[in-house]
>>> print(open('input_20.cif').read())   # mmCIF, C-alpha atoms and all ligand atoms
data_upload
#
loop_
_atom_site.label_atom_id
_atom_site.label_comp_id
_atom_site.auth_asym_id
_atom_site.auth_seq_id
_atom_site.Cartn_x
_atom_site.Cartn_y
_atom_site.Cartn_z
CA MET A 740 12.43 -11.68 24.71
CA GLY A 741 15.15 -9.83 26.62
CA GLU A 742 15.91 -12.82 28.89
CA VAL A 743 18.14 -15.91 28.95
CA ASN A 744 16.19 -18.81 27.44
CA ARG A 745 17.32 -22.42 27.91
CA MET A 746 16.28 -25.28 25.71
CA THR A 747 15.11 -28.59 27.11
CA SER A 748 16.39 -30.37 23.97
CA ASP A 749 17.56 -29.61 20.47
CA ASP A 750 18.01 -31.29 17.09
CA LYS A 751 19.85 -30.39 13.90
CA PHE A 752 18.32 -31.29 10.53
CA PRO A 753 19.47 -30.63 6.98
CA GLY A 754 16.75 -28.28 5.76
CA GLY A 755 15.60 -25.70 3.31
CA LYS A 756 12.74 -26.26 0.95
CA GLY A 757 14.53 -27.99 -1.93
CA ILE A 758 16.45 -30.24 0.43
CA ASN A 759 13.22 -31.27 2.13
CA VAL A 760 11.75 -32.07 -1.28
CA SER A 761 14.72 -34.32 -2.15
CA ARG A 762 14.56 -36.09 1.22
CA ILE A 763 10.86 -36.91 0.80
CA LEU A 764 11.30 -37.91 -2.86
CA SER A 765 13.92 -40.45 -1.82
CA ARG A 766 11.48 -41.91 0.73
CA ILE A 767 8.77 -42.38 -1.91
CA ASP A 768 11.26 -44.00 -4.30
CA SER A 769 11.59 -41.12 -6.71
CA SER A 770 15.14 -40.19 -7.59
CA SER A 771 16.28 -36.58 -7.51
CA THR A 772 19.42 -34.50 -7.46
CA ALA A 773 19.58 -31.93 -4.67
CA PHE A 774 21.20 -28.79 -5.99
CA GLY A 775 21.71 -25.18 -5.04
CA PHE A 776 24.51 -23.46 -3.13
CA LEU A 777 26.33 -24.87 -0.09
CA GLY A 778 29.23 -23.46 1.88
CA GLY A 779 31.16 -23.56 5.15
CA PHE A 780 30.63 -25.93 8.08
CA THR A 781 26.86 -25.77 7.74
CA GLY A 782 27.12 -26.66 4.06
CA GLU A 783 29.33 -29.66 4.92
CA PHE A 784 26.81 -30.80 7.54
CA ILE A 785 23.96 -30.73 5.01
CA LYS A 786 25.95 -32.55 2.32
CA THR A 787 27.01 -35.29 4.73
CA LYS A 788 23.45 -35.78 5.99
CA LEU A 789 22.07 -36.01 2.44
CA GLU A 790 24.73 -38.47 1.36
CA ALA A 791 23.93 -40.63 4.40
CA GLU A 792 20.39 -40.85 2.99
CA GLN A 793 21.81 -41.82 -0.46
CA ILE A 794 20.55 -38.60 -2.03
CA VAL A 795 22.52 -37.50 -5.08
CA THR A 796 23.83 -33.96 -4.66
CA ASP A 797 25.28 -31.48 -7.15
CA PHE A 798 25.74 -28.21 -5.26
CA VAL A 799 27.84 -25.19 -6.19
CA THR A 800 30.34 -24.80 -3.34
CA ILE A 801 30.44 -21.22 -2.10
CA THR A 802 32.84 -19.45 0.25
CA SER A 803 30.16 -18.10 2.65
CA ASP A 804 28.48 -20.30 5.27
CA THR A 805 25.06 -21.75 4.46
CA ARG A 806 22.51 -20.13 6.78
CA ILE A 807 21.03 -21.70 9.92
CA ASN A 808 17.24 -21.45 10.34
CA VAL A 809 16.08 -21.73 13.93
CA LYS A 810 12.71 -23.32 14.69
CA ILE A 811 11.46 -22.75 18.24
CA LYS A 812 8.91 -25.28 19.44
CA SER A 813 7.16 -24.13 22.57
CA ASP A 814 3.47 -23.58 23.28
CA ILE A 815 3.52 -21.98 19.87
CA GLU A 816 5.98 -22.48 16.96
CA SER A 817 8.26 -19.59 15.96
CA GLU A 818 10.83 -19.50 13.17
CA ILE A 819 13.93 -17.37 12.67
CA ASN A 820 15.19 -17.86 9.11
CA GLY A 821 18.64 -16.58 8.15
CA ALA A 822 19.06 -13.99 5.40
CA GLY A 823 21.19 -16.36 3.33
CA PRO A 824 24.86 -16.29 2.35
CA GLU A 825 26.77 -13.93 0.08
CA ILE A 826 26.93 -15.52 -3.38
CA THR A 827 29.37 -14.17 -5.95
CA ASP A 828 28.60 -13.60 -9.64
CA ALA A 829 30.92 -16.51 -10.54
CA GLU A 830 29.08 -18.85 -8.15
CA ARG A 831 25.73 -17.70 -9.58
CA ALA A 832 26.96 -18.34 -13.12
CA ALA A 833 28.27 -21.79 -12.14
CA PHE A 834 24.80 -22.69 -10.87
CA ILE A 835 23.05 -21.61 -14.10
CA ASP A 836 25.69 -23.58 -16.05
CA LYS A 837 24.81 -26.77 -14.16
CA LEU A 838 21.30 -26.58 -15.63
CA SER A 839 22.73 -27.39 -19.08
CA VAL A 840 22.39 -31.11 -18.23
CA LEU A 841 18.58 -30.87 -18.02
CA LYS A 842 16.51 -33.02 -20.37
CA PRO A 843 12.87 -32.54 -21.41
CA SER A 844 11.79 -35.38 -19.07
CA ASP A 845 13.23 -33.57 -16.02
CA ILE A 846 11.19 -31.63 -13.46
CA VAL A 847 13.04 -28.92 -11.53
CA VAL A 848 11.59 -27.83 -8.19
CA LEU A 849 12.50 -24.22 -7.42
CA ALA A 850 11.79 -23.62 -3.78
CA GLY A 851 12.63 -21.17 -1.04
CA SER A 852 13.87 -17.63 -0.77
CA ALA A 853 16.91 -16.54 -2.76
CA PRO A 854 19.55 -14.50 -0.89
CA ALA A 855 19.68 -10.84 -1.87
CA SER A 856 23.16 -11.30 -3.37
CA LEU A 857 21.64 -13.38 -6.22
CA GLY A 858 19.72 -10.33 -7.46
CA GLN A 859 16.01 -9.90 -8.14
CA ASN A 860 16.02 -11.70 -11.49
CA PHE A 861 17.73 -14.87 -10.30
CA TYR A 862 14.74 -17.22 -10.39
CA LEU A 863 13.49 -15.73 -13.67
CA ASP A 864 16.92 -16.35 -15.23
CA VAL A 865 16.84 -19.93 -13.89
CA ILE A 866 13.36 -20.48 -15.35
CA GLU A 867 14.52 -19.18 -18.75
CA LYS A 868 17.40 -21.68 -18.70
CA ILE A 869 15.13 -24.57 -17.65
CA LYS A 870 12.68 -23.73 -20.43
CA SER A 871 15.48 -23.50 -23.00
CA GLN A 872 16.44 -27.09 -22.04
CA GLY A 873 12.80 -28.18 -22.57
CA ALA A 874 12.36 -29.29 -18.92
CA GLU A 875 9.39 -28.62 -16.61
CA PHE A 876 9.56 -26.57 -13.43
CA VAL A 877 7.62 -26.34 -10.19
CA ILE A 878 7.85 -23.20 -8.10
CA ASP A 879 7.32 -22.68 -4.37
CA ILE A 880 8.40 -19.15 -3.67
CA GLU A 881 6.57 -16.31 -1.97
CA GLY A 882 5.50 -13.09 -3.64
CA ASP A 883 6.19 -11.35 -6.88
CA VAL A 884 8.54 -13.95 -8.38
CA LEU A 885 5.82 -16.61 -8.18
CA VAL A 886 3.36 -14.30 -9.95
CA LYS A 887 5.88 -13.45 -12.69
CA SER A 888 6.77 -17.13 -13.17
CA LEU A 889 3.19 -18.13 -14.00
CA ALA A 890 3.52 -16.95 -17.60
CA ASN A 891 6.18 -19.67 -18.06
CA LYS A 892 3.64 -22.40 -17.23
CA PRO A 893 4.95 -24.09 -14.08
CA LEU A 894 3.82 -27.71 -13.76
CA VAL A 895 2.35 -26.97 -10.35
CA VAL A 896 2.28 -24.17 -7.77
CA LYS A 897 1.30 -24.62 -4.12
CA PRO A 898 0.71 -21.43 -2.22
CA ASN A 899 -1.01 -21.89 1.12
CA ASN A 900 -4.30 -20.04 1.65
CA HIS A 901 -2.54 -17.00 3.16
CA GLU A 902 0.01 -16.81 0.34
CA LEU A 903 -2.81 -17.10 -2.25
CA GLY A 904 -4.56 -14.15 -0.61
CA ALA A 905 -1.34 -12.13 -0.68
CA ILE A 906 -0.81 -12.90 -4.40
CA TYR A 907 -4.20 -11.49 -5.38
CA GLY A 908 -4.51 -8.88 -2.59
CA VAL A 909 -7.57 -10.50 -0.94
CA THR A 910 -8.46 -12.20 2.36
CA PHE A 911 -10.62 -15.31 2.55
CA ASP A 912 -13.26 -16.10 5.18
CA SER A 913 -14.15 -19.51 3.71
CA VAL A 914 -12.86 -22.21 1.39
CA GLU A 915 -15.57 -21.30 -1.15
CA GLU A 916 -14.16 -17.79 -1.41
CA LEU A 917 -10.72 -18.95 -2.42
CA ILE A 918 -11.85 -21.35 -5.18
CA PRO A 919 -12.07 -18.69 -7.95
CA TYR A 920 -8.53 -17.58 -7.08
CA GLY A 921 -7.23 -21.14 -7.32
CA HIS A 922 -8.63 -21.32 -10.85
CA LYS A 923 -7.10 -17.93 -11.57
CA LEU A 924 -3.65 -19.46 -10.96
CA LEU A 925 -4.43 -21.77 -13.91
CA THR A 926 -5.72 -19.01 -16.20
CA ASP A 927 -2.62 -17.02 -15.27
CA GLY A 928 -0.46 -19.92 -16.50
CA ALA A 929 0.05 -22.75 -13.98
CA GLN A 930 -0.71 -26.24 -15.34
CA TYR A 931 -1.97 -27.40 -11.93
CA ALA A 932 -2.40 -25.59 -8.60
CA MET A 933 -2.71 -26.91 -5.06
CA ILE A 934 -3.76 -24.69 -2.15
CA SER A 935 -2.68 -26.05 1.20
CA MET A 936 -4.61 -25.04 4.28
CA ALA A 937 -2.73 -26.82 7.09
CA GLY A 938 -5.31 -28.45 9.42
CA ASP A 939 -8.17 -27.41 7.11
CA GLY A 940 -7.10 -29.71 4.25
CA ALA A 941 -6.13 -28.88 0.70
CA LEU A 942 -7.51 -28.09 -2.75
CA LEU A 943 -6.38 -29.13 -6.22
CA PHE A 944 -7.25 -27.18 -9.35
CA ALA A 945 -6.88 -29.27 -12.49
CA ASP A 946 -8.41 -29.12 -15.98
CA GLY A 947 -11.15 -26.70 -14.88
CA LYS A 948 -12.12 -28.94 -11.95
CA THR A 949 -11.74 -28.44 -8.18
CA TYR A 950 -10.83 -31.29 -5.81
CA PHE A 951 -10.80 -31.19 -2.02
CA ALA A 952 -8.90 -33.37 0.46
CA LYS A 953 -10.23 -33.14 4.00
CA ALA A 954 -7.48 -32.93 6.63
CA VAL A 955 -6.57 -36.26 8.21
CA LYS A 956 -6.93 -36.15 12.00
CA GLY A 957 -3.82 -36.68 14.12
CA VAL A 958 -1.36 -35.15 16.56
CA VAL A 959 0.67 -32.34 14.99
CA LYS A 960 4.32 -32.57 16.01
CA ASN A 961 5.98 -30.36 13.44
CA SER A 962 4.48 -28.24 10.70
CA VAL A 963 7.92 -27.27 9.33
CA GLY A 964 8.38 -28.98 5.97
CA ALA A 965 4.72 -30.05 5.55
CA GLY A 966 4.39 -27.85 2.47
CA ASP A 967 7.68 -29.10 1.02
CA SER A 968 6.59 -32.69 1.63
CA MET A 969 3.33 -32.01 -0.19
CA ILE A 970 5.20 -30.73 -3.23
CA ALA A 971 7.52 -33.74 -3.18
CA GLY A 972 4.56 -36.12 -3.00
CA PHE A 973 2.87 -34.44 -5.97
CA VAL A 974 5.99 -34.31 -8.11
CA GLY A 975 7.14 -37.85 -7.29
CA GLU A 976 3.75 -39.37 -8.16
CA PHE A 977 3.13 -37.13 -11.18
CA ALA A 978 6.50 -38.06 -12.67
CA LYS A 979 5.40 -41.72 -12.55
CA SER A 980 1.69 -41.62 -13.43
CA HIS A 981 1.00 -38.19 -14.98
CA ASP A 982 -2.24 -38.32 -12.98
CA ALA A 983 -2.78 -35.01 -11.15
CA VAL A 984 -5.45 -36.33 -8.77
CA LYS A 985 -3.30 -39.30 -7.73
CA ALA A 986 -0.36 -36.91 -7.36
CA PHE A 987 -2.44 -34.57 -5.17
CA LYS A 988 -3.44 -37.50 -2.96
CA GLN A 989 0.19 -38.48 -2.51
CA GLY A 990 1.05 -34.81 -1.83
CA VAL A 991 -1.52 -34.59 0.95
CA ALA A 992 -0.31 -37.90 2.40
CA CYS A 993 3.31 -36.68 2.51
CA GLY A 994 2.40 -33.24 3.94
CA THR A 995 0.18 -34.75 6.61
CA ALA A 996 2.67 -37.45 7.55
CA THR A 997 5.37 -34.80 8.05
CA ALA A 998 3.05 -32.62 10.16
CA PHE A 999 2.55 -35.68 12.41
CA SER A 1000 6.32 -36.49 12.64
CA ASP A 1001 9.27 -34.92 14.50
CA ASP A 1002 11.39 -34.57 11.36
CA LEU A 1003 10.20 -35.23 7.80
CA ALA A 1004 7.91 -38.26 7.47
CA SER A 1005 9.21 -41.80 6.99
CA ALA A 1006 8.21 -43.97 4.01
CA ALA A 1007 6.16 -46.33 6.21
CA PHE A 1008 4.24 -43.50 7.84
CA ILE A 1009 3.47 -41.87 4.47
CA GLU A 1010 2.00 -45.18 3.30
CA GLU A 1011 -0.10 -45.48 6.45
CA ILE A 1012 -1.45 -41.92 6.14
CA ALA A 1013 -2.09 -42.33 2.38
CA LYS A 1014 -4.77 -44.94 3.20
CA GLN A 1015 -6.69 -42.25 5.11
CA VAL A 1016 -6.58 -39.51 2.47
CA VAL A 1017 -9.88 -39.02 0.64
CA VAL A 1018 -10.07 -36.72 -2.38
CA GLU A 1019 -13.45 -35.62 -3.71
CA GLU A 1020 -14.50 -33.34 -6.54
CA ARG A 1021 -16.28 -30.19 -5.39
N1 LIG B 1101 -2.33 -29.66 11.38
C1 LIG B 1101 -2.44 -30.43 10.28
N2 LIG B 1101 -3.35 -31.45 10.27
C2 LIG B 1101 -3.50 -32.23 9.19
N3 LIG B 1101 -2.80 -32.04 8.03
C3 LIG B 1101 -1.89 -31.05 7.99
C4 LIG B 1101 -1.64 -30.21 9.12
N4 LIG B 1101 -0.68 -29.32 8.78
C5 LIG B 1101 -0.33 -29.61 7.51
N5 LIG B 1101 -1.05 -30.64 7.02
C6 LIG B 1101 -0.99 -31.21 5.67
O1 LIG B 1101 0.16 -30.74 4.99
C7 LIG B 1101 -0.23 -29.88 3.91
C8 LIG B 1101 0.75 -28.72 3.81
O2 LIG B 1101 0.75 -27.99 5.02
P1 LIG B 1101 0.68 -26.39 5.09
O3 LIG B 1101 0.98 -26.04 6.52
O4 LIG B 1101 -0.62 -25.91 4.55
O5 LIG B 1101 1.84 -25.95 4.11
P2 LIG B 1101 2.94 -24.76 4.27
O6 LIG B 1101 3.96 -25.33 5.23
O7 LIG B 1101 3.48 -24.60 2.89
O8 LIG B 1101 2.21 -23.56 4.78
C9 LIG B 1101 -1.68 -29.46 4.20
O9 LIG B 1101 -2.41 -29.15 3.04
C10 LIG B 1101 -2.22 -30.72 4.88
O10 LIG B 1101 -2.56 -31.69 3.90
O1 LIG B 1102 13.70 -20.21 2.02
P1 LIG B 1102 12.74 -19.76 3.08
O2 LIG B 1102 11.53 -19.08 2.51
O3 LIG B 1102 13.42 -18.98 4.16
O4 LIG B 1102 12.17 -21.07 3.76
C1 LIG B 1102 13.05 -21.99 4.37
C2 LIG B 1102 12.33 -22.80 5.38
O5 LIG B 1102 11.31 -23.52 4.74
C3 LIG B 1102 11.31 -24.88 5.19
O6 LIG B 1102 11.79 -25.65 4.12
C4 LIG B 1102 9.93 -25.28 5.62
O7 LIG B 1102 9.00 -24.99 4.59
P2 LIG B 1102 7.46 -25.37 4.69
O8 LIG B 1102 7.07 -25.34 6.13
O9 LIG B 1102 6.76 -24.37 3.81
O10 LIG B 1102 7.32 -26.75 4.11
C5 LIG B 1102 12.31 -24.96 6.32
O11 LIG B 1102 13.04 -26.19 6.33
C6 LIG B 1102 13.23 -23.82 6.04
O12 LIG B 1102 13.80 -23.34 7.20
#
>>> encode(input="input_20.cif", output="structure tokens")
Amino acid sequence: MGEVNRMTSDDKFPGGKGINVSRILSRIDSSSTAFGFLGGFTGEFIKTKLEAEQIVTDFVTITSDTRINVKIKSDIESEINGAGPEITDAERAAFIDKLSVLKPSDIVVLAGSAPASLGQNFYLDVIEKIKSQGAEFVIDIEGDVLVKSLANKPLVVKPNNHELGAIYGVTFDSVEELIPYGHKLLTDGAQYAMISMAGDGALLFADGKTYFAKAVKGVVKNSVGAGDSMIAGFVGEFAKSHDAVKAFKQGVACGTATAFSDDLASAAFIEEIAKQVVVEER
């Protein structure tokens, strides 16, 4: 702080939670459409990168520049996430309009912070539209919006252990302590809930049961996008098999494989890690 800092190397990746979900889905052979708002030179960069990976995109083009989120990898990881672009009422309305194509078999993943210009009710308006089309939704957003969305029965939610504590105003000293709160996410409305705990593994709450996946051991290269990868793994597998435990296993494999990769995990590495994931009922 307060000094000139020079990087030894740098990379540029198309990012943001929903984009990460689409990139992992494409690697596990699950088709998706990446959508949201894109604008300016940064928006062009993201679109080009996604198209190079054969990911279908359907973004609302905005006049402001898409934000840049800076991830600093040193002895410790630090993140500086942009506040997000200015989005006009017309651009907001165009986005909601796009949801008219949704069918009951679709699953919409709502992920990441919404810029202030979209207003406080943005995600709740989006959820109302998704529900009116008969589609399912998954939500990965911090705070109050996640809590309010539970009444609309999201297919799955995946707060990490810290976010779960913040939702219910508690702190956890052990995995056992957070189990009742995982079940509370279901009684509050979620169909399934996963709690990710980085290097301490993950929990699944499904049909009144609790499942635990011990963390796979390996060298952590990048924890950015591990949570998004976990959601993609769950959704991609659930869309095929409708088996929540299998979906959880795939989620953990994708999250772990990304944590052990420089960018998001490759298909081959996800497959390799999947062989090491063990899920047991607790
Ligand atoms: N250091 C790690 N070692 C092993 N697995 C990890 C590690 N970090 C993340 N993972 C895997 O990825 C999942 C999601 O990571 P996590 O950091 O908890 O999510 P988020 O990025 O949303 O906070 C974890 O539940 C775990 O399965
Ligand atoms: O929208 P937010 O909350 O600022 O989060 C955006 C950030 O989340 C990420 O998608 C990473 O998320 P996770 O580490 O939770 O998987 C980054 O690519 C991005 O910079």
>>> atom_distance(input="input_20.cif", atom1="CA of Lys988 (chain A)", atom2="CA of Ser844 (chain A)")
22.3 Å
>>> residues_around(input="input_20.cif", residues="region 866-876 of chain A", least_positions_apart="6", cutoff="7 Å", atoms="all atoms listed in the file", output="VMD selection string")
chain A and resid 838 to 839 841 to 848 893 to 894
>>> residues_near_ligand(input="input_20.cif", ligand="ligand LIG 1101 (chain B)", cutoff="9 Å", atoms="only C-alpha atoms and all ligand atoms", output="ChimeraX atom specification")
/A:879,897-902,933-942,952-970,990-999,1016
>>> closest_atom_pairs(input="input_20.cif", of="chain A", to="ligand LIG 1102 (chain B)", cutoff="8 Å", atoms="all atoms listed in the file", output="Markdown table")
| residue | atom | partner | partner_atom | distance |
| --- | --- | --- | --- | --- |
| A:Pro753 | CA | B:LIG1102 | O11 | 7.8 |
| A:Gly754 | CA | B:LIG1102 | O11 | 4.3 |
| A:Gly755 | CA | B:LIG1102 | O6 | 3.9 |
| A:Lys756 | CA | B:LIG1102 | O6 | 3.4 |
| A:Gly757 | CA | B:LIG1102 | O6 | 7.0 |
| A:Ile758 | CA | B:LIG1102 | O6 | 7.5 |
| A:Asn759 | CA | B:LIG1102 | O6 | 6.1 |
| A:Ile807 | CA | B:LIG1102 | O12 | 7.9 |
| A:Asn808 | CA | B:LIG1102 | O12 | 5.0 |
| A:Val809 | CA | B:LIG1102 | O12 | 7.3 |
| A:Lys810 | CA | B:LIG1102 | O12 | 7.6 |
| A:Glu818 | CA | B:LIG1102 | O12 | 7.7 |
| A:Asn820 | CA | B:LIG1102 | O3 | 5.4 |
| A:Gly821 | CA | B:LIG1102 | O3 | 7.0 |
| A:Ala822 | CA | B:LIG1102 | O3 | 7.6 |
| A:Ala850 | CA | B:LIG1102 | O1 | 7.0 |
| A:Gly851 | CA | B:LIG1102 | O1 | 3.4 |
| A:Ser852 | CA | B:LIG1102 | O1 | 3.8 |
| A:Ala853 | CA | B:LIG1102 | O1 | 6.8 |
| A:Ile880 | CA | B:LIG1102 | O2 | 6.9 |
| A:Glu881 | CA | B:LIG1102 | O2 | 7.2 |
| A:Ser962 | CA | B:LIG1102 | O8 | 6.0 |
| A:Val963 | CA | B:LIG1102 | O8 | 3.8 |
| A:Gly964 | CA | B:LIG1102 | O10 | 3.1 |
| A:Ala965 | CA | B:LIG1102 | O10 | 4.4 |
| A:Gly966 | CA | B:LIG1102 | O10 | 3.5 |
| A:Asp967 | CA | B:LIG1102 | O10 | 3.9 |
| A:Ser968 | CA | B:LIG1102 | O10 | 6.5 |
| A:Met969 | CA | B:LIG1102 | O10 | 7.9 |
>>> residues_around(input="input_20.cif", residues="Gly975 (chain A)", least_positions_apart="2", cutoff="9 Å", atoms="only C-alpha atoms", output="list in words")
Ile763, Leu764, Ile767, Asp768, Ser769, Ser770, Ile970, Ala971, Gly972, Phe973, Phe977, Ala978, Lys979, Ala986, Gln989 and Gly990 of chain A
>>> closest_residue(input="input_20.cif", among="A:Phe752, A:Phe834, A:Tyr931, A:Phe774", to="Asp982 (chain A)", atoms="all atoms listed in the file")
A:Tyr931
>>> atom_distance(input="input_20.cif", atom1="CA of Ala773 (chain A)", atom2="CA of Leu924 (chain A)")
27.1 Å
>>> closest_residue(input="input_20.cif", among="A:Ala945, A:Arg745, A:Val895, A:Ala1007", to="Arg1021 (chain A)", atoms="all atoms listed in the file")
A:Ala945
>>> atom_distance(input="input_20.cif", atom1="CA of Asp1002 (chain A)", atom2="CA of Phe798 (chain A)")
22.9 Å
>>> axis_aligned_box(input="input_20.cif", around="region 850-859 of chain A", padding_each_side="4 Å", output="lines of an AutoDock Vina configuration file")
center_x = 17.5
center_y = -16.8
center_z = -4.5
size_x = 19.4
size_y = 21.7
size_z = 15.4
>>> build_atoms(input="input_20.cif", residues="region 941-967 of chain A", atoms="N, CA and C atoms", output="PDB file, in the coordinates of the input")
ATOM      1  N   ALA A 941      -6.801 -29.431   1.885  1.00  0.00           N
ATOM      2  CA  ALA A 941      -6.130 -28.880   0.700  1.00  0.00           C
ATOM      3  C   ALA A 941      -7.039 -28.964  -0.514  1.00  0.00           C
ATOM      4  N   LEU A 942      -6.749 -28.114  -1.500  1.00  0.00           N
ATOM      5  CA  LEU A 942      -7.510 -28.090  -2.750  1.00  0.00           C
ATOM      6  C   LEU A 942      -6.569 -28.335  -3.919  1.00  0.00           C
ATOM      7  N   LEU A 943      -7.120 -28.985  -4.958  1.00  0.00           N
ATOM      8  CA  LEU A 943      -6.380 -29.130  -6.220  1.00  0.00           C
ATOM      9  C   LEU A 943      -7.237 -28.506  -7.324  1.00  0.00           C
ATOM     10  N   PHE A 944      -6.583 -27.742  -8.178  1.00  0.00           N
ATOM     11  CA  PHE A 944      -7.250 -27.180  -9.350  1.00  0.00           C
ATOM     12  C   PHE A 944      -6.611 -27.817 -10.570  1.00  0.00           C
ATOM     13  N   ALA A 945      -7.429 -28.536 -11.350  1.00  0.00           N
ATOM     14  CA  ALA A 945      -6.880 -29.270 -12.490  1.00  0.00           C
ATOM     15  C   ALA A 945      -7.913 -29.353 -13.597  1.00  0.00           C
ATOM     16  N   ASP A 946      -7.538 -28.993 -14.801  1.00  0.00           N
ATOM     17  CA  ASP A 946      -8.410 -29.120 -15.980  1.00  0.00           C
ATOM     18  C   ASP A 946      -9.808 -28.541 -15.724  1.00  0.00           C
ATOM     19  N   GLY A 947      -9.862 -27.366 -15.125  1.00  0.00           N
ATOM     20  CA  GLY A 947     -11.150 -26.700 -14.880  1.00  0.00           C
ATOM     21  C   GLY A 947     -11.931 -27.295 -13.705  1.00  0.00           C
ATOM     22  N   LYS A 948     -11.402 -28.321 -13.065  1.00  0.00           N
ATOM     23  CA  LYS A 948     -12.120 -28.940 -11.950  1.00  0.00           C
ATOM     24  C   LYS A 948     -11.471 -28.597 -10.611  1.00  0.00           C
ATOM     25  N   THR A 949     -12.253 -28.709  -9.538  1.00  0.00           N
ATOM     26  CA  THR A 949     -11.740 -28.440  -8.180  1.00  0.00           C
ATOM     27  C   THR A 949     -11.873 -29.722  -7.359  1.00  0.00           C
ATOM     28  N   TYR A 950     -10.818 -30.105  -6.678  1.00  0.00           N
ATOM     29  CA  TYR A 950     -10.830 -31.290  -5.810  1.00  0.00           C
ATOM     30  C   TYR A 950     -10.456 -30.860  -4.404  1.00  0.00           C
ATOM     31  N   PHE A 951     -11.067 -31.530  -3.416  1.00  0.00           N
ATOM     32  CA  PHE A 951     -10.800 -31.190  -2.020  1.00  0.00           C
ATOM     33  C   PHE A 951     -10.351 -32.431  -1.251  1.00  0.00           C
ATOM     34  N   ALA A 952      -9.324 -32.287  -0.445  1.00  0.00           N
ATOM     35  CA  ALA A 952      -8.900 -33.370   0.460  1.00  0.00           C
ATOM     36  C   ALA A 952      -9.095 -32.857   1.877  1.00  0.00           C
ATOM     37  N   LYS A 953      -9.984 -33.509   2.592  1.00  0.00           N
ATOM     38  CA  LYS A 953     -10.230 -33.140   4.000  1.00  0.00           C
ATOM     39  C   LYS A 953      -8.961 -33.445   4.801  1.00  0.00           C
ATOM     40  N   ALA A 954      -8.679 -32.650   5.827  1.00  0.00           N
ATOM     41  CA  ALA A 954      -7.480 -32.930   6.630  1.00  0.00           C
ATOM     42  C   ALA A 954      -7.648 -34.258   7.378  1.00  0.00           C
ATOM     43  N   VAL A 955      -6.578 -35.021   7.413  1.00  0.00           N
ATOM     44  CA  VAL A 955      -6.570 -36.260   8.210  1.00  0.00           C
ATOM     45  C   VAL A 955      -6.382 -35.832   9.665  1.00  0.00           C
ATOM     46  N   LYS A 956      -7.051 -36.522  10.571  1.00  0.00           N
ATOM     47  CA  LYS A 956      -6.930 -36.150  12.000  1.00  0.00           C
ATOM     48  C   LYS A 956      -5.693 -36.823  12.614  1.00  0.00           C
ATOM     49  N   GLY A 957      -5.003 -36.112  13.473  1.00  0.00           N
ATOM     50  CA  GLY A 957      -3.820 -36.680  14.120  1.00  0.00           C
ATOM     51  C   GLY A 957      -3.162 -35.651  15.020  1.00  0.00           C
ATOM     52  N   VAL A 958      -2.056 -36.060  15.646  1.00  0.00           N
ATOM     53  CA  VAL A 958      -1.360 -35.150  16.560  1.00  0.00           C
ATOM     54  C   VAL A 958      -0.242 -34.436  15.793  1.00  0.00           C
ATOM     55  N   VAL A 959      -0.341 -33.121  15.716  1.00  0.00           N
ATOM     56  CA  VAL A 959       0.670 -32.340  14.990  1.00  0.00           C
ATOM     57  C   VAL A 959       1.924 -32.219  15.838  1.00  0.00           C
ATOM     58  N   LYS A 960       3.056 -32.655  15.263  1.00  0.00           N
ATOM     59  CA  LYS A 960       4.320 -32.570  16.010  1.00  0.00           C
ATOM     60  C   LYS A 960       5.200 -31.488  15.419  1.00  0.00           C
ATOM     61  N   ASN A 961       5.015 -31.220  14.122  1.00  0.00           N
ATOM     62  CA  ASN A 961       5.980 -30.360  13.440  1.00  0.00           C
ATOM     63  C   ASN A 961       5.405 -29.919  12.110  1.00  0.00           C
ATOM     64  N   SER A 962       5.049 -28.644  11.997  1.00  0.00           N
ATOM     65  CA  SER A 962       4.480 -28.240  10.700  1.00  0.00           C
ATOM     66  C   SER A 962       5.578 -27.777   9.735  1.00  0.00           C
ATOM     67  N   VAL A 963       6.826 -27.701  10.212  1.00  0.00           N
ATOM     68  CA  VAL A 963       7.920 -27.270   9.330  1.00  0.00           C
ATOM     69  C   VAL A 963       8.183 -28.367   8.294  1.00  0.00           C
ATOM     70  N   GLY A 964       8.107 -27.997   7.021  1.00  0.00           N
ATOM     71  CA  GLY A 964       8.380 -28.980   5.970  1.00  0.00           C
ATOM     72  C   GLY A 964       7.139 -29.693   5.456  1.00  0.00           C
ATOM     73  N   ALA A 965       5.954 -29.401   6.033  1.00  0.00           N
ATOM     74  CA  ALA A 965       4.720 -30.050   5.550  1.00  0.00           C
ATOM     75  C   ALA A 965       4.447 -29.626   4.108  1.00  0.00           C
ATOM     76  N   GLY A 966       4.615 -28.347   3.831  1.00  0.00           N
ATOM     77  CA  GLY A 966       4.390 -27.850   2.470  1.00  0.00           C
ATOM     78  C   GLY A 966       5.390 -28.443   1.481  1.00  0.00           C
ATOM     79  N   ASP A 967       6.643 -28.526   1.890  1.00  0.00           N
ATOM     80  CA  ASP A 967       7.680 -29.100   1.020  1.00  0.00           C
ATOM     81  C   ASP A 967       7.374 -30.575   0.747  1.00  0.00           C
TER      82      ASP A 967
END
